[in-house]
Amino acid sequence: MPPLTDPLTLGQKLVAVLESGRRTATYKLAVLMALLDLAVESVPDDADAAVDIDLDDLTNRVIELYWRQLRPLDGRRLLQSSDGRGVIFEAVAHLRSSVSAHRTPSVDLVVAQGSAEYIAAHATVKQTLVRYPLKLLQNLTTGADNERFLYDDSWMGTGSKRVIADHGNVLTLFPGVCVTLARLAPLLKPAFQLAWVDDVRRMNRSVLDDGPDLAHHLFGADRVSLQRAGDALTQEFGASCFYCNASVRAGRHVDHLLPWSRVGIDGLTNLVLACAGCNSSKSDLLPAPEHVGRALARGRTALDQLAVKINWPSQYARVVSAGRGLYTTQPTSTPVWQGRNQIEMLTRVDFEWLL
């Protein structure tokens, strides 16, 4: 197998990114996390194909990551850079300040998108990403012979809009890399999150002790804020558990169908009502693909209209692409959650509808 598509080889190189020196900012980690998510959602039919990653999409994902993380913790905005290079953080912070807080990060971001402030912040973040972290991400040694193992970065290192446009506003993952990243995502994403938490704690040592749940603040789902979506789902589809059909009028939970730990999609399409038993039993397991099929069968039009009604993201297309990427890159021995106390092994037949 060619080195670039061998999961072990590529995984070792990405781990080396984490270990190649003391990071002065969390930019590289943000890019890696965004690339993992986009790889899952961009899996091609041909596993050996090169895949274009739209730089606007990559920028949106980086903004989304920092948007949540710039929420104050105990009244303080946490530092994510120790050397003064805070262009991306300041751009996102300024954007957040222009939006009235709903206590729901995903909703606030939807409110901001399309505004003049969002467009300006997006342009700043994209130019900064191309100039710095995307150019330096694959530099694992101090020599000039660093192997480029993800994408060609020879044209990067500049924030020139013309240069970016001349290269199609995309970075192109080398042949086979997209599928390999998607396969590695369940293993690498927790490692990148742990490194990110460690960096933020180190950069904020003077104001943080071991008390705050920093990992949850940076990467956890905000279960309280999901209750607004839960009210809308109850009104539209009834007060019953999506998985077992039990009544959830008392003790209702709002569950991420595709686990938050895997793809972090807060859109209404990825949210279902669940009883306490099913929610606890499913936890972070992948659901059986038939559950994803039933969730999508609620109808894109109905979900999109409901999302507009409560000013919430729908993200129907993202759930489809993420579901396809998650299931098609998992080995057939992967355990999937069928129902309470019922776990079975994934088979290819299970998700033919996704192909």
# chains A, B, ... in the order shown; residues from 1 in each chain; ligands from 1

$ select_by_dssp --residues "stretch 94-234 of chain A" --states "strand (DSSP E or B)" --output "list in words"
Tyr151, Val170, Leu171, Thr172 and Leu173 of chain A

$ write_last_selection --atoms "N, CA and C atoms" --output "short mmCIF file (atom, residue, chain, number, x, y, z; two decimals), in the first residue's frame"
data_model
loop_
_atom_site.label_atom_id
_atom_site.label_comp_id
_atom_site.auth_asym_id
_atom_site.auth_seq_id
_atom_site.Cartn_x
_atom_site.Cartn_y
_atom_site.Cartn_z
N TYR A 151 -1.27 17.42 1.42
CA TYR A 151 -1.65 18.24 0.27
C TYR A 151 -0.43 19.05 -0.17
N VAL A 170 -9.12 26.07 -3.27
CA VAL A 170 -9.16 24.74 -2.65
C VAL A 170 -7.76 24.30 -2.27
N LEU A 171 -7.70 23.40 -1.32
CA LEU A 171 -6.49 22.59 -1.14
C LEU A 171 -6.89 21.18 -1.56
N THR A 172 -6.01 20.50 -2.22
CA THR A 172 -6.33 19.18 -2.77
C THR A 172 -5.59 18.11 -1.98
N LEU A 173 -6.37 17.30 -1.26
CA LEU A 173 -5.78 16.17 -0.54
C LEU A 173 -5.22 15.17 -1.55
#

$ closest_residue --among "A:Thr128, A:Thr301, A:Thr26, A:Ser283" --to "A:Ser261" --atoms "only C-alpha atoms"
A:Ser283

$ closest_residue --among "A:Lys13, A:Leu273, A:Asp6, A:Gly339" --to "A:Asn146" --atoms "only C-alpha atoms"
A:Lys13

$ residues_around --residues "A:Pro190" --least-positions-apart "2" --cutoff "12 Å" --atoms "only C-alpha atoms" --output "list in words"
Val15, Leu29, Leu32, Met33, Leu36, Leu184, Ala185, Pro186, Leu187, Leu188, Phe192, Gln193, Leu194, Ala195, Trp196, Val197, Ala215, Phe219, Gly220, Trp260, Ser261, Arg262 and Val263 of chain A

$ write_last_selection --atoms "N, CA and C atoms" --output "CSV table (one decimal), in the first residue's frame"
chain,number,residue,atom,x,y,z
A,15,VAL,N,0.5,12.3,14.3
A,15,VAL,CA,0.8,12.4,15.7
A,15,VAL,C,2.1,13.2,15.8
A,29,LEU,N,-4.0,22.7,15.4
A,29,LEU,CA,-4.9,21.8,15.9
A,29,LEU,C,-6.3,22.0,15.3
A,32,LEU,N,-6.3,20.7,11.8
A,32,LEU,CA,-6.4,19.3,11.8
A,32,LEU,C,-7.8,18.8,12.1
A,33,MET,N,-8.4,19.4,13.1
A,33,MET,CA,-9.7,18.9,13.5
A,33,MET,C,-10.7,19.2,12.4
A,36,LEU,N,-10.2,16.7,9.5
A,36,LEU,CA,-10.8,15.4,9.9
A,36,LEU,C,-12.3,15.4,9.6
A,184,LEU,N,-9.1,7.2,10.1
A,184,LEU,CA,-8.4,7.5,11.3
A,184,LEU,C,-9.1,8.5,12.2
A,185,ALA,N,-10.1,9.2,11.8
A,185,ALA,CA,-10.8,10.2,12.5
A,185,ALA,C,-11.2,9.8,13.9
A,186,PRO,N,-11.8,8.6,14.1
A,186,PRO,CA,-12.3,8.2,15.5
A,186,PRO,C,-11.1,8.1,16.4
A,187,LEU,N,-9.9,7.8,15.9
A,187,LEU,CA,-8.7,7.6,16.8
A,187,LEU,C,-8.0,8.9,17.0
A,188,LEU,N,-7.9,9.7,16.0
A,188,LEU,CA,-7.1,11.0,16.0
A,188,LEU,C,-7.8,12.1,16.7
A,192,PHE,N,-6.2,14.9,19.3
A,192,PHE,CA,-6.1,16.3,19.0
A,192,PHE,C,-6.8,17.2,20.0
A,193,GLN,N,-8.0,16.7,20.5
A,193,GLN,CA,-8.7,17.4,21.5
A,193,GLN,C,-7.9,17.5,22.8
A,194,LEU,N,-7.3,16.3,23.2
A,194,LEU,CA,-6.5,16.3,24.4
A,194,LEU,C,-5.3,17.3,24.3
A,195,ALA,N,-4.7,17.3,23.2
A,195,ALA,CA,-3.5,18.2,23.0
A,195,ALA,C,-4.0,19.6,23.1
A,196,TRP,N,-5.2,19.9,22.5
A,196,TRP,CA,-5.7,21.3,22.5
A,196,TRP,C,-6.1,21.7,24.0
A,197,VAL,N,-6.7,20.8,24.7
A,197,VAL,CA,-7.0,21.1,26.1
A,197,VAL,C,-5.7,21.4,26.9
A,215,ALA,N,-12.2,20.5,29.1
A,215,ALA,CA,-12.5,19.7,28.0
A,215,ALA,C,-13.9,19.9,27.5
A,219,PHE,N,-15.0,21.4,24.0
A,219,PHE,CA,-15.5,20.5,23.0
A,219,PHE,C,-16.8,19.8,23.3
A,220,GLY,N,-17.3,20.0,24.5
A,220,GLY,CA,-18.5,19.3,24.9
A,220,GLY,C,-19.8,19.9,24.3
A,260,TRP,N,-22.0,13.3,18.9
A,260,TRP,CA,-21.3,14.6,18.9
A,260,TRP,C,-19.7,14.4,18.9
A,261,SER,N,-19.3,13.4,19.6
A,261,SER,CA,-17.9,13.1,19.7
A,261,SER,C,-17.2,12.8,18.4
A,262,ARG,N,-18.1,12.3,17.4
A,262,ARG,CA,-17.6,11.9,16.1
A,262,ARG,C,-17.6,13.1,15.1
A,263,VAL,N,-18.7,13.8,15.0
A,263,VAL,CA,-18.9,14.8,14.0
A,263,VAL,C,-19.3,16.2,14.5

$ atom_distance --atom1 "atom CA of A:Leu257" --atom2 "atom CA of A:Asn270"
5.3 Å

$ closest_residue --among "A:Ser247, A:His256, A:Ala91, A:Glu236" --to "A:Arg298" --atoms "only C-alpha atoms"
A:Glu236

$ residues_around --residues "A:Ala317" --least-positions-apart "6" --cutoff "12 Å" --atoms "only C-alpha atoms" --output "list of chain:residue names"
A:Glu41, A:Ser42, A:Ile265, A:Gly267, A:Leu268, A:Thr269, A:Asn270, A:Leu296, A:Gly299, A:Arg300, A:Thr301, A:Leu303, A:Asp304, A:Gly323, A:Arg324

$ decode --residues "stretch 24-39 of chain A" --atoms "N, CA and C atoms" --output "PDB file, in the first residue's frame"
ATOM      1  N   THR A  24       2.748  27.455  19.963  1.00  0.00           N
ATOM      2  CA  THR A  24       2.486  28.772  20.548  1.00  0.00           C
ATOM      3  C   THR A  24       1.060  29.233  20.302  1.00  0.00           C
ATOM      4  N   ALA A  25       0.306  28.457  19.513  1.00  0.00           N
ATOM      5  CA  ALA A  25      -1.102  28.757  19.264  1.00  0.00           C
ATOM      6  C   ALA A  25      -1.805  27.454  18.912  1.00  0.00           C
ATOM      7  N   THR A  26      -3.120  27.479  18.935  1.00  0.00           N
ATOM      8  CA  THR A  26      -3.891  26.265  18.657  1.00  0.00           C
ATOM      9  C   THR A  26      -4.320  26.186  17.196  1.00  0.00           C
ATOM     10  N   TYR A  27      -3.754  27.015  16.334  1.00  0.00           N
ATOM     11  CA  TYR A  27      -4.156  27.057  14.930  1.00  0.00           C
ATOM     12  C   TYR A  27      -4.016  25.706  14.234  1.00  0.00           C
ATOM     13  N   LYS A  28      -2.851  25.057  14.386  1.00  0.00           N
ATOM     14  CA  LYS A  28      -2.628  23.789  13.695  1.00  0.00           C
ATOM     15  C   LYS A  28      -3.656  22.743  14.137  1.00  0.00           C
ATOM     16  N   LEU A  29      -3.954  22.719  15.416  1.00  0.00           N
ATOM     17  CA  LEU A  29      -4.934  21.761  15.916  1.00  0.00           C
ATOM     18  C   LEU A  29      -6.312  22.039  15.329  1.00  0.00           C
ATOM     19  N   ALA A  30      -6.652  23.324  15.193  1.00  0.00           N
ATOM     20  CA  ALA A  30      -7.940  23.686  14.605  1.00  0.00           C
ATOM     21  C   ALA A  30      -8.020  23.210  13.159  1.00  0.00           C
ATOM     22  N   VAL A  31      -6.930  23.392  12.413  1.00  0.00           N
ATOM     23  CA  VAL A  31      -6.912  22.953  11.017  1.00  0.00           C
ATOM     24  C   VAL A  31      -7.030  21.433  10.930  1.00  0.00           C
ATOM     25  N   LEU A  32      -6.300  20.721  11.772  1.00  0.00           N
ATOM     26  CA  LEU A  32      -6.358  19.263  11.759  1.00  0.00           C
ATOM     27  C   LEU A  32      -7.757  18.756  12.103  1.00  0.00           C
ATOM     28  N   MET A  33      -8.380  19.356  13.116  1.00  0.00           N
ATOM     29  CA  MET A  33      -9.734  18.948  13.487  1.00  0.00           C
ATOM     30  C   MET A  33     -10.710  19.214  12.352  1.00  0.00           C
ATOM     31  N   ALA A  34     -10.596  20.377  11.728  1.00  0.00           N
ATOM     32  CA  ALA A  34     -11.483  20.727  10.623  1.00  0.00           C
ATOM     33  C   ALA A  34     -11.268  19.791   9.439  1.00  0.00           C
ATOM     34  N   LEU A  35     -10.015  19.468   9.152  1.00  0.00           N
ATOM     35  CA  LEU A  35      -9.723  18.554   8.044  1.00  0.00           C
ATOM     36  C   LEU A  35     -10.282  17.161   8.300  1.00  0.00           C
ATOM     37  N   LEU A  36     -10.208  16.692   9.539  1.00  0.00           N
ATOM     38  CA  LEU A  36     -10.764  15.377   9.855  1.00  0.00           C
ATOM     39  C   LEU A  36     -12.262  15.352   9.599  1.00  0.00           C
ATOM     40  N   ASP A  37     -12.976  16.377  10.077  1.00  0.00           N
ATOM     41  CA  ASP A  37     -14.422  16.422   9.866  1.00  0.00           C
ATOM     42  C   ASP A  37     -14.769  16.507   8.386  1.00  0.00           C
ATOM     43  N   LEU A  38     -14.038  17.354   7.652  1.00  0.00           N
ATOM     44  CA  LEU A  38     -14.326  17.508   6.224  1.00  0.00           C
ATOM     45  C   LEU A  38     -13.980  16.240   5.452  1.00  0.00           C
ATOM     46  N   ALA A  39     -12.945  15.521   5.887  1.00  0.00           N
ATOM     47  CA  ALA A  39     -12.608  14.257   5.239  1.00  0.00           C
ATOM     48  C   ALA A  39     -13.746  13.250   5.400  1.00  0.00           C
TER      49      ALA A  39
END
